[in-house]
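With TSV, C-alpha atoms inside, this is start-v5.tsv:
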```tsv
chain	number	residue	atom	x	y	z
J	1	MET	CA	51.90	179.18	182.97
J	2	THR	CA	49.75	181.19	185.38
J	3	ILE	CA	47.32	179.04	187.37
J	4	SER	CA	46.18	181.12	190.35
J	5	THR	CA	47.88	183.40	192.85
J	6	LEU	CA	47.99	180.73	195.58
J	7	VAL	CA	49.15	177.92	193.30
J	8	ASP	CA	51.73	180.11	191.55
J	9	GLN	CA	53.17	181.35	194.84
J	10	THR	CA	53.30	177.83	196.22
J	11	ILE	CA	55.15	176.48	193.18
J	12	ALA	CA	57.57	179.42	193.28
J	13	ALA	CA	58.42	178.56	196.90
J	14	ILE	CA	59.59	175.03	196.00
J	15	GLY	CA	63.30	175.28	195.40
J	16	PRO	CA	66.27	172.92	195.48
J	17	LEU	CA	67.30	171.14	198.65
J	18	ASP	CA	69.42	173.10	201.14
J	19	ALA	CA	72.94	172.36	199.89
J	20	ASP	CA	74.67	173.43	203.12
J	21	ALA	CA	72.46	171.17	205.23
J	22	VAL	CA	73.09	168.27	202.83
J	23	THR	CA	76.85	168.76	203.03
J	24	ALA	CA	76.81	168.96	206.83
J	25	ALA	CA	74.65	165.85	207.13
J	26	GLU	CA	76.92	163.90	204.78
J	27	SER	CA	79.93	164.97	206.83
J	28	ARG	CA	78.35	163.87	210.11
J	29	GLN	CA	77.32	160.53	208.62
J	30	GLY	CA	80.99	159.92	207.89
J	31	LEU	CA	81.91	160.51	211.54
J	32	LEU	CA	79.32	158.25	213.21
J	33	THR	CA	80.34	155.02	214.93
J	34	LYS	CA	79.85	152.65	212.00
J	35	PRO	CA	81.59	151.72	208.78
J	36	PRO	CA	80.63	154.23	206.06
J	37	GLY	CA	77.52	153.10	204.20
J	38	SER	CA	76.76	150.27	206.62
J	39	LEU	CA	73.25	151.59	207.33
J	40	GLY	CA	72.47	151.64	203.64
J	41	ARG	CA	69.50	153.72	202.56
J	42	LEU	CA	68.94	155.04	206.09
J	43	GLU	CA	72.05	157.13	205.55
J	44	SER	CA	71.05	158.65	202.21
J	45	LEU	CA	67.51	159.19	203.48
J	46	SER	CA	68.77	161.13	206.49
J	47	VAL	CA	70.87	163.34	204.22
J	48	ARG	CA	67.86	164.03	201.99
J	49	LEU	CA	65.77	164.91	205.05
J	50	ALA	CA	68.44	167.39	206.07
J	51	GLY	CA	68.17	169.04	202.67
J	52	ILE	CA	64.35	169.05	202.73
J	53	PHE	CA	64.11	170.51	206.24
J	54	GLY	CA	67.13	172.80	205.85
J	55	GLN	CA	68.58	171.29	209.03
J	56	PRO	CA	72.06	169.69	209.22
J	57	ILE	CA	70.63	167.35	211.86
J	58	PRO	CA	66.99	166.87	210.80
J	59	GLN	CA	64.30	166.62	213.45
J	60	VAL	CA	60.84	165.18	212.80
J	61	THR	CA	58.46	167.55	214.59
J	62	GLY	CA	55.15	165.98	213.63
J	63	LYS	CA	53.42	163.61	211.21
J	64	ALA	CA	50.16	164.02	209.35
J	65	VAL	CA	48.07	161.99	206.92
J	66	ILE	CA	45.56	163.96	204.87
J	67	VAL	CA	42.93	161.55	203.51
J	68	CYS	CA	40.94	162.89	200.56
J	69	ALA	CA	37.69	161.35	199.37
J	70	GLY	CA	35.84	161.69	196.10
J	71	ASP	CA	33.60	159.73	193.78
J	72	HIS	CA	34.02	159.05	190.06
J	73	GLY	CA	31.48	158.94	187.28
J	74	VAL	CA	33.60	156.34	185.53
J	75	ALA	CA	32.60	153.83	188.23
J	76	SER	CA	29.39	153.41	186.21
J	77	GLU	CA	31.48	151.66	183.53
J	78	GLY	CA	31.95	148.62	185.83
J	79	VAL	CA	35.63	149.31	186.60
J	80	SER	CA	35.34	148.47	190.33
J	81	ALA	CA	34.23	145.42	192.27
J	82	TYR	CA	32.57	147.67	194.88
J	83	PRO	CA	29.53	149.98	194.61
J	84	ALA	CA	29.93	153.77	194.79
J	85	GLU	CA	28.16	153.98	198.16
J	86	VAL	CA	31.29	152.52	199.76
J	87	THR	CA	33.02	155.91	199.43
J	88	PRO	CA	30.87	157.77	202.01
J	89	GLN	CA	30.63	154.64	204.17
J	90	MET	CA	34.42	154.50	204.39
J	91	VAL	CA	34.63	158.20	205.18
J	92	PHE	CA	32.50	157.53	208.26
J	93	ASN	CA	34.74	154.58	209.08
J	94	PHE	CA	37.78	156.90	208.97
J	95	LEU	CA	36.04	159.37	211.27
J	96	ALA	CA	35.09	156.56	213.69
J	97	GLY	CA	38.70	155.38	213.81
J	98	GLY	CA	37.99	151.93	212.40
J	99	ALA	CA	39.89	151.86	209.11
J	100	ALA	CA	43.36	150.50	208.36
J	101	ILE	CA	44.78	154.01	208.09
J	102	ASN	CA	43.48	154.82	211.57
J	103	ALA	CA	45.29	151.84	213.08
J	104	LEU	CA	48.52	152.51	211.23
J	105	ALA	CA	48.46	156.29	211.79
J	106	ARG	CA	47.92	155.73	215.52
J	107	HIS	CA	50.88	153.37	215.51
J	108	ALA	CA	53.00	155.99	213.72
J	109	GLY	CA	51.81	158.84	215.94
J	110	ALA	CA	50.39	160.68	212.94
J	111	ASP	CA	47.38	162.99	212.93
J	112	ILE	CA	44.61	162.30	210.39
J	113	THR	CA	42.59	164.89	208.50
J	114	VAL	CA	39.69	163.71	206.29
J	115	ILE	CA	38.60	165.93	203.39
J	116	ASP	CA	35.40	165.51	201.40
J	117	ALA	CA	36.69	166.71	198.03
J	118	GLY	CA	33.93	165.28	195.88
J	119	VAL	CA	31.84	162.57	197.52
J	120	ALA	CA	28.64	162.10	195.54
J	121	VAL	CA	26.34	162.63	198.53
J	122	ASP	CA	26.18	165.28	201.25
J	123	LEU	CA	28.01	164.31	204.43
J	124	GLU	CA	26.93	165.52	207.84
J	125	PRO	CA	29.49	167.93	209.34
J	126	GLN	CA	31.37	166.40	212.26
J	127	PRO	CA	34.71	166.69	214.05
J	128	GLY	CA	37.66	165.56	211.94
J	129	LEU	CA	35.89	166.11	208.62
J	130	THR	CA	36.65	169.02	206.33
J	131	ILE	CA	33.89	169.49	203.78
J	132	ALA	CA	35.46	171.11	200.73
J	133	LYS	CA	33.26	169.54	198.09
J	134	VAL	CA	34.26	170.66	194.59
J	135	GLY	CA	31.45	168.59	193.03
J	136	TYR	CA	29.30	165.53	193.53
J	137	GLY	CA	31.68	163.07	191.94
J	138	ALA	CA	34.02	163.71	189.01
J	139	GLY	CA	32.64	163.32	185.50
J	140	ASN	CA	32.77	160.04	183.62
J	141	ILE	CA	36.14	160.31	181.89
J	142	ALA	CA	35.12	157.67	179.36
J	143	THR	CA	32.70	160.18	177.82
J	144	GLY	CA	34.19	163.59	178.67
J	145	PRO	CA	36.41	165.53	181.07
J	146	ALA	CA	36.55	164.81	184.79
J	147	MET	CA	36.01	168.45	185.72
J	148	SER	CA	36.41	172.04	184.56
J	149	ARG	CA	39.78	173.73	184.64
J	150	ASP	CA	38.50	176.10	187.35
J	151	ASP	CA	37.50	173.11	189.48
J	152	ALA	CA	40.95	171.57	188.97
J	153	VAL	CA	42.55	174.77	190.24
J	154	ARG	CA	40.19	174.78	193.20
J	155	CYS	CA	41.27	171.22	194.05
J	156	LEU	CA	44.92	172.29	194.11
J	157	GLU	CA	44.12	175.26	196.34
J	158	ILE	CA	42.15	173.11	198.81
J	159	GLY	CA	45.11	170.74	199.08
J	160	ILE	CA	47.62	173.57	199.53
J	161	ASN	CA	45.53	175.04	202.35
J	162	ALA	CA	45.26	171.64	204.03
J	163	ALA	CA	49.03	171.13	203.87
J	164	ASN	CA	49.59	174.61	205.30
J	165	ALA	CA	47.26	173.80	208.19
J	166	SER	CA	49.20	170.60	208.95
J	167	ALA	CA	52.52	172.41	208.73
J	168	ASP	CA	51.21	175.19	210.99
J	169	ALA	CA	50.26	172.49	213.51
J	170	GLY	CA	53.87	171.26	213.55
J	171	ALA	CA	53.95	168.43	211.02
J	172	ASN	CA	56.97	168.12	208.73
J	173	LEU	CA	56.24	164.59	207.48
J	174	ILE	CA	53.06	164.92	205.43
J	175	ALA	CA	51.35	162.13	203.51
J	176	GLY	CA	48.23	161.97	201.41
J	177	GLY	CA	45.68	159.19	201.48
J	178	ASP	CA	42.71	158.50	199.23
J	179	MET	CA	39.22	157.07	199.20
J	180	GLY	CA	37.13	156.87	196.07
J	181	ILE	CA	35.50	153.88	194.40
J	182	GLY	CA	36.79	153.65	190.82
J	183	ASN	CA	39.85	155.85	191.39
J	184	THR	CA	42.45	153.41	190.09
J	185	THR	CA	40.92	154.04	186.65
J	186	PRO	CA	41.72	157.79	186.50
J	187	SER	CA	45.05	157.05	188.19
J	188	ALA	CA	45.97	154.68	185.36
J	189	ALA	CA	44.83	157.26	182.82
J	190	ILE	CA	46.95	159.95	184.50
J	191	THR	CA	49.98	157.65	184.63
J	192	ALA	CA	49.65	156.68	180.97
J	193	ALA	CA	49.16	160.29	179.89
J	194	ILE	CA	52.16	161.64	181.80
J	195	THR	CA	54.65	158.80	181.38
J	196	GLY	CA	53.66	157.71	177.87
J	197	ALA	CA	53.35	154.10	179.01
J	198	ASP	CA	50.79	151.82	177.39
J	199	VAL	CA	47.45	151.64	179.18
J	200	ALA	CA	47.64	147.85	179.61
J	201	THR	CA	51.02	148.26	181.33
J	202	VAL	CA	49.74	150.67	183.97
J	203	THR	CA	46.30	149.17	184.67
J	204	GLY	CA	45.73	146.66	187.45
J	205	ARG	CA	42.82	144.95	189.16
J	206	GLY	CA	42.16	147.75	191.67
J	207	THR	CA	39.63	146.44	194.17
J	208	GLY	CA	40.00	142.94	192.72
J	209	VAL	CA	38.08	142.80	189.45
J	210	ASP	CA	38.24	139.59	187.41
J	211	TYR	CA	40.01	139.16	184.06
J	212	GLU	CA	36.99	140.10	181.96
J	213	ALA	CA	36.39	143.25	183.99
J	214	LEU	CA	40.09	144.12	183.78
J	215	GLU	CA	39.95	143.99	180.00
J	216	GLY	CA	36.90	146.24	180.12
J	217	LYS	CA	38.73	148.62	182.45
J	218	ILE	CA	41.67	148.85	180.04
J	219	ALA	CA	39.28	149.59	177.17
J	220	THR	CA	37.56	152.27	179.26
J	221	ILE	CA	40.87	154.00	180.00
J	222	ARG	CA	41.88	153.90	176.34
J	223	ARG	CA	38.53	155.49	175.49
J	224	ALA	CA	39.05	158.18	178.13
J	225	LEU	CA	42.43	159.11	176.67
J	226	ASP	CA	41.06	159.14	173.12
J	227	VAL	CA	38.02	161.24	174.05
J	228	ASN	CA	39.86	163.78	176.20
J	229	GLU	CA	43.35	163.93	174.63
J	230	PRO	CA	45.11	165.15	177.80
J	231	ASP	CA	48.44	166.95	177.33
J	232	GLY	CA	50.91	164.81	179.27
J	233	GLU	CA	53.27	167.77	179.68
J	234	ASP	CA	50.59	169.85	181.44
J	235	GLY	CA	49.65	168.50	184.85
J	236	LEU	CA	46.62	170.75	185.16
J	237	ASP	CA	45.28	169.62	181.80
J	238	VAL	CA	45.69	165.97	182.78
J	239	LEU	CA	43.89	166.56	186.09
J	240	THR	CA	41.08	168.42	184.35
J	241	LYS	CA	40.50	165.80	181.69
J	242	VAL	CA	41.14	162.42	183.31
J	243	GLY	CA	41.64	163.08	187.03
J	244	GLY	CA	39.39	163.20	190.06
J	245	TYR	CA	38.60	165.65	192.82
J	246	GLU	CA	40.44	163.77	195.56
J	247	ILE	CA	43.44	163.26	193.25
J	248	GLY	CA	43.59	166.99	192.58
J	249	VAL	CA	43.42	167.82	196.27
J	250	LEU	CA	46.21	165.31	196.94
J	251	ALA	CA	48.37	167.00	194.28
J	252	GLY	CA	47.74	170.30	196.06
J	253	VAL	CA	48.68	168.77	199.41
J	254	MET	CA	52.00	167.71	197.92
J	255	LEU	CA	52.71	171.14	196.46
J	256	GLY	CA	51.78	172.84	199.73
J	257	ALA	CA	53.86	170.50	201.88
J	258	ALA	CA	56.91	170.85	199.64
J	259	ALA	CA	56.64	174.64	199.71
J	260	ARG	CA	56.76	174.50	203.53
J	261	ASN	CA	59.98	172.42	203.49
J	262	CYS	CA	58.17	169.29	204.62
J	263	ALA	CA	58.93	165.78	203.44
J	264	VAL	CA	56.15	164.54	201.16
J	265	ILE	CA	55.55	160.85	201.85
J	266	VAL	CA	54.03	159.39	198.67
J	267	ASP	CA	51.69	156.47	199.32
J	268	GLY	CA	50.37	154.07	196.67
J	269	PHE	CA	48.94	154.24	193.16
J	270	ILE	CA	46.40	157.04	193.61
J	271	SER	CA	48.85	159.18	195.59
J	272	GLY	CA	51.45	158.34	192.96
J	273	ALA	CA	49.16	159.67	190.23
J	274	ALA	CA	48.67	162.86	192.25
J	275	ALA	CA	52.45	163.07	192.67
J	276	LEU	CA	52.85	162.87	188.89
J	277	ILE	CA	50.46	165.80	188.43
J	278	ALA	CA	52.32	167.93	191.00
J	279	TRP	CA	55.64	166.90	189.40
J	280	ARG	CA	54.47	168.04	185.99
J	281	LEU	CA	53.51	171.37	187.54
J	282	CYS	CA	56.81	171.67	189.44
J	283	PRO	CA	59.59	169.21	188.48
J	284	GLU	CA	61.75	170.19	191.47
J	285	ILE	CA	59.18	168.75	193.85
J	286	ALA	CA	60.49	165.22	193.23
J	287	GLN	CA	63.49	166.00	195.47
J	288	ARG	CA	61.06	166.39	198.35
J	289	TYR	CA	59.15	163.18	197.62
J	290	ILE	CA	59.85	160.04	199.64
J	291	ALA	CA	58.23	156.99	198.03
J	292	ALA	CA	56.74	154.93	200.85
J	293	HIS	CA	56.16	151.59	199.16
J	294	ARG	CA	55.69	149.78	195.87
J	295	SER	CA	52.02	149.06	195.29
J	296	VAL	CA	50.83	145.84	193.69
J	297	GLU	CA	49.14	148.08	191.11
J	298	PRO	CA	51.52	147.93	188.11
J	299	GLY	CA	51.17	151.59	187.17
J	300	HIS	CA	52.55	152.74	190.49
J	301	ASN	CA	56.10	151.61	189.79
J	302	VAL	CA	55.92	153.11	186.29
J	303	GLY	CA	55.10	156.49	187.81
J	304	LEU	CA	57.76	156.22	190.51
J	305	GLN	CA	60.42	155.36	187.95
J	306	ALA	CA	59.43	158.33	185.80
J	307	MET	CA	60.07	160.62	188.79
J	308	GLY	CA	63.31	158.86	189.74
J	309	LEU	CA	61.93	157.50	193.02
J	310	SER	CA	62.78	154.22	194.74
J	311	PRO	CA	60.23	153.01	197.33
J	312	LEU	CA	61.26	152.17	200.87
J	313	LEU	CA	58.98	149.14	201.29
J	314	ASN	CA	57.54	146.34	199.21
J	315	MET	CA	54.71	144.82	201.24
J	316	ASP	CA	52.35	143.67	198.45
J	317	MET	CA	49.90	146.39	199.50
J	318	ARG	CA	47.20	148.04	197.35
J	319	LEU	CA	44.72	149.54	199.81
J	320	GLY	CA	45.55	153.23	199.58
J	321	GLU	CA	44.18	155.46	202.37
J	322	GLY	CA	47.79	156.48	203.14
J	323	THR	CA	48.50	153.10	204.77
J	324	GLY	CA	51.88	152.53	203.11
J	325	ALA	CA	52.93	156.09	203.90
J	326	ALA	CA	52.06	155.65	207.58
J	327	LEU	CA	54.22	152.52	207.71
J	328	ALA	CA	57.11	154.29	205.99
J	329	MET	CA	57.04	157.15	208.50
J	330	HIS	CA	58.74	154.85	211.02
J	331	ILE	CA	61.69	154.39	208.68
J	332	VAL	CA	61.87	158.07	207.77
J	333	GLU	CA	61.94	159.11	211.41
J	334	ALA	CA	64.51	156.40	212.20
J	335	SER	CA	66.83	157.83	209.56
J	336	ALA	CA	66.68	161.25	211.23
J	337	LYS	CA	67.43	159.72	214.63
J	338	ILE	CA	70.55	158.07	213.23
J	339	LEU	CA	72.00	161.53	212.67
J	340	SER	CA	70.73	163.07	215.89
J	341	GLU	CA	71.25	160.25	218.39
J	342	MET	CA	74.29	158.27	217.24
J	343	ALA	CA	77.65	159.29	218.64
J	344	THR	CA	80.64	160.15	216.50
J	345	PHE	CA	83.88	158.18	216.93
J	346	ALA	CA	85.37	161.12	218.83
J	347	GLU	CA	82.35	161.52	221.13
J	348	ALA	CA	82.27	157.81	221.97
J	349	GLY	CA	86.03	157.40	222.36
J	350	VAL	CA	86.00	154.69	219.69
J	351	SER	CA	88.91	154.29	217.31
J	352	ASP	CA	88.05	155.14	213.71
J	353	ARG	CA	89.19	153.00	210.79
J	354	ASP	CA	92.80	153.14	209.73
J	355	ASP	CA	92.94	153.84	206.01
J	356	GLU	CA	96.74	153.92	205.89
```

Transcribe the structure of this file into structure tokens.
Amino acid sequence: MTISTLVDQTIAAIGPLDADAVTAAESRQGLLTKPPGSLGRLESLSVRLAGIFGQPIPQVTGKAVIVCAGDHGVASEGVSAYPAEVTPQMVFNFLAGGAAINALARHAGADITVIDAGVAVDLEPQPGLTIAKVGYGAGNIATGPAMSRDDAVRCLEIGINAANASADAGANLIAGGDMGIGNTTPSAAITAAITGADVATVTGRGTGVDYEALEGKIATIRRALDVNEPDGEDGLDVLTKVGGYEIGVLAGVMLGAAARNCAVIVDGFISGAAALIAWRLCPEIAQRYIAAHRSVEPGHNVGLQAMGLSPLLNMDMRLGEGTGAALAMHIVEASAKILSEMATFAEAGVSDRDDE
């Protein structure tokens, strides 16, 4: 399927992990001063990083969180506990450094980029903000498609360009974050469409709606799927019909980062929905995904399981913004340092185990 020159070239650049680097990393893990397997998932994570980076001893050169913002027409259906004006207000909070992702990204030493992908009002240009507005809020998916196919392609291209900019600046751990009132609704629709799971199974309370509103949210998502009939095998079709501008840009970020041999740190439910779209477009990308955490949102784990991913953390989080990904970056970088900074038995003059 031809999408666009940029998207097609990006997908074509995403290949399997570097087998030689994986083999070398596995061999070195077996020589380090510890019983084999005693560092658990840190060991397998370090080996996967080697394959992603193409480096027998992987080195984290930089970390970036790309936060994408967009509004959703479906918010008018009462699916969120917060009003739509919170989206631009939070964008300004990100730019002022006062949001949770700012605190956690600073702690992780990660750079933050904020992209206006589809906020429903015009934002004043300022440092740290990329205005790449595809539209003034995605369409109400309960009554029709979220966007045109051309706009969906544009979202992917914006995300690819953003990932390339981060990679050019030295980052090889790249995460996406989100901001958009109502965006757990399209994320649940995307997850149901791609995984085949029942809508009630993948729909949670989002910003904290009550039971009655949750039932209404489930009904809204069922209506969106019935009205739009997205093809769950076609990631672009799903994005077009039941997605959102910021979700599409996040999917592009993931494709772009993977094509540059960067580790893609997948955050929570909205990022997970974007990851599903990119995965449908390029199944091999899942090898380059690192699932940061398990969101409280029930659909997140459904999506992760479909892609064969096991999250690093379970912190009962459901904020988004890239917060779980920023936390997980500490663990990812620690796994690389195990390979680069631990001594082998021979280097340390320590006797290895006697298997005789």

If you measure from atom CA of Pro16 of chain J to atom CA of Gly324 of chain J, what distance in Å do you get, rounded to one decimal?
26.1 Å

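Note that atom CA of Arg28 of chain J and atom CA of Arg353 of chain J are 15.4 Å apart.
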
Neighbouring residues of Ala75 of chain J were defined as those with any atom within 7 Å, considering only C-alpha atoms; residues of the same chain fewer than 3 positions away were excluded. Please report them as a PyMOL selection string.
chain J and resi 72+78-80+181-182

Show me, as a tab-separated table, the residues of segment 80-153 of chain J having an atom within 12 Å of segment 187-202 of chain J, each with the closest atom pair and its distance in Å, using only C-alpha atoms.
```
residue	atom	partner	partner_atom	distance
J:Ile141	CA	J:Ala189	CA	9.3
J:Ala142	CA	J:Ala189	CA	10.3
J:Pro145	CA	J:Ala189	CA	11.9
J:Ala146	CA	J:Ala189	CA	11.4
```

Take the residues from that selection and write them out as a CSV table (one decimal), in the coordinates of the input, keeping C-alpha atoms.
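This is the output file out-v7.csv:
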```
chain,number,residue,atom,x,y,z
J,141,ILE,CA,36.1,160.3,181.9
J,142,ALA,CA,35.1,157.7,179.4
J,145,PRO,CA,36.4,165.5,181.1
J,146,ALA,CA,36.6,164.8,184.8
```

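Each of J:Thr323, J:Asn301, J:Thr10, J:Thr184 was checked against Ala100 of chain J using all atoms listed in the file; the smallest atom-to-atom distance is that of J:Thr323.
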
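The space between atom CA of Ile3 of chain J and atom CA of Val253 of chain J spans 15.9 Å.
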
Please identify all polymer residues within 6 Å of Val266 of chain J, counting all atoms listed in the file, omitting same-chain residues fewer than 4 positions from it, and present them as an MDAnalysis selection string.
chainID J and resid 290:292

From the list J:Ala169, J:Ala64, J:Met329, J:Leu129, the nearest residue to Leu95 of chain J using all atoms listed in the file is J:Leu129

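The shortest atom-to-atom distance to Ser166 of chain J, with only C-alpha atoms taken into account, belongs to J:Val65 out of J:Leu104, J:Val65, J:Ala84, J:Ala138.
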
My list of candidates is J:Asn102, J:Asn228, J:Thr113, J:Asn93. Which is closest to Met147 of chain J when distances are computed with all atoms listed in the file?
J:Asn228

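When all atoms listed in the file are used to measure the gap to Pro83 of chain J, the shortest distance among J:Gln126, J:Thr207, J:Ser44, J:Gln287 belongs to J:Thr207.
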
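Neighbouring residues of segment 254-257 of chain J at 7 Å or closer, counting all atoms listed in the file and skipping chain neighbours under 4 positions away, are J:Thr10, J:Ile11, J:Ile160, J:Ala163, J:Asn164, J:Ile174, J:Leu250, J:Asn261, J:Cys262, J:Val264, J:Ala278.
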
(33.0, 169.9, 196.3) in this file's frame - what residues fall within 9 Å of it? Use only C-alpha atoms and give the answer as number ranges by chain.
J: 70, 116-120, 131-137, 151, 155, 245

Where atoms are missing, can you supply N, CA, C and O atoms for segment 97-110 of chain J and output the lot as a short mmCIF file (atom, residue, chain, number, x, y, z; two decimals), keeping the file's coordinate frame?
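Saved result, selection-v2.cif, follows:
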```
data_model
loop_
_atom_site.label_atom_id
_atom_site.label_comp_id
_atom_site.auth_asym_id
_atom_site.auth_seq_id
_atom_site.Cartn_x
_atom_site.Cartn_y
_atom_site.Cartn_z
N GLY J 97 37.43 155.97 213.39
CA GLY J 97 38.70 155.38 213.81
C GLY J 97 38.85 153.92 213.50
O GLY J 97 39.75 153.26 214.05
N GLY J 98 38.00 153.36 212.61
CA GLY J 98 37.99 151.93 212.40
C GLY J 98 38.66 151.42 211.14
O GLY J 98 38.63 150.21 210.88
N ALA J 99 39.27 152.28 210.36
CA ALA J 99 39.89 151.86 209.11
C ALA J 99 41.36 151.50 209.31
O ALA J 99 41.97 151.81 210.34
N ALA J 100 41.95 150.88 208.28
CA ALA J 100 43.36 150.50 208.36
C ALA J 100 44.25 151.72 208.59
O ALA J 100 45.21 151.67 209.37
N ILE J 101 43.93 152.84 207.91
CA ILE J 101 44.78 154.01 208.09
C ILE J 101 44.71 154.54 209.52
O ILE J 101 45.70 155.05 210.04
N ASN J 102 43.57 154.38 210.17
CA ASN J 102 43.48 154.82 211.57
C ASN J 102 44.43 154.02 212.45
O ASN J 102 45.16 154.57 213.28
N ALA J 103 44.42 152.69 212.27
CA ALA J 103 45.29 151.84 213.08
C ALA J 103 46.76 152.15 212.83
O ALA J 103 47.56 152.28 213.77
N LEU J 104 47.12 152.30 211.56
CA LEU J 104 48.52 152.51 211.23
C LEU J 104 48.98 153.93 211.56
O LEU J 104 50.14 154.14 211.95
N ALA J 105 48.10 154.92 211.41
CA ALA J 105 48.46 156.29 211.79
C ALA J 105 48.62 156.40 213.31
O ALA J 105 49.54 157.09 213.79
N ARG J 106 47.75 155.73 214.06
CA ARG J 106 47.92 155.73 215.52
C ARG J 106 49.26 155.13 215.88
O ARG J 106 49.98 155.64 216.76
N HIS J 107 49.61 154.03 215.23
CA HIS J 107 50.88 153.37 215.51
C HIS J 107 52.06 154.28 215.18
O HIS J 107 53.08 154.27 215.88
N ALA J 108 51.92 155.09 214.13
CA ALA J 108 53.00 155.99 213.72
C ALA J 108 53.00 157.30 214.49
O ALA J 108 53.94 158.08 214.40
N GLY J 109 51.93 157.56 215.25
CA GLY J 109 51.81 158.84 215.94
C GLY J 109 51.49 159.98 214.99
O GLY J 109 51.91 161.12 215.22
N ALA J 110 50.73 159.68 213.95
CA ALA J 110 50.39 160.68 212.94
C ALA J 110 48.95 161.14 213.11
O ALA J 110 48.05 160.34 213.38
#
```
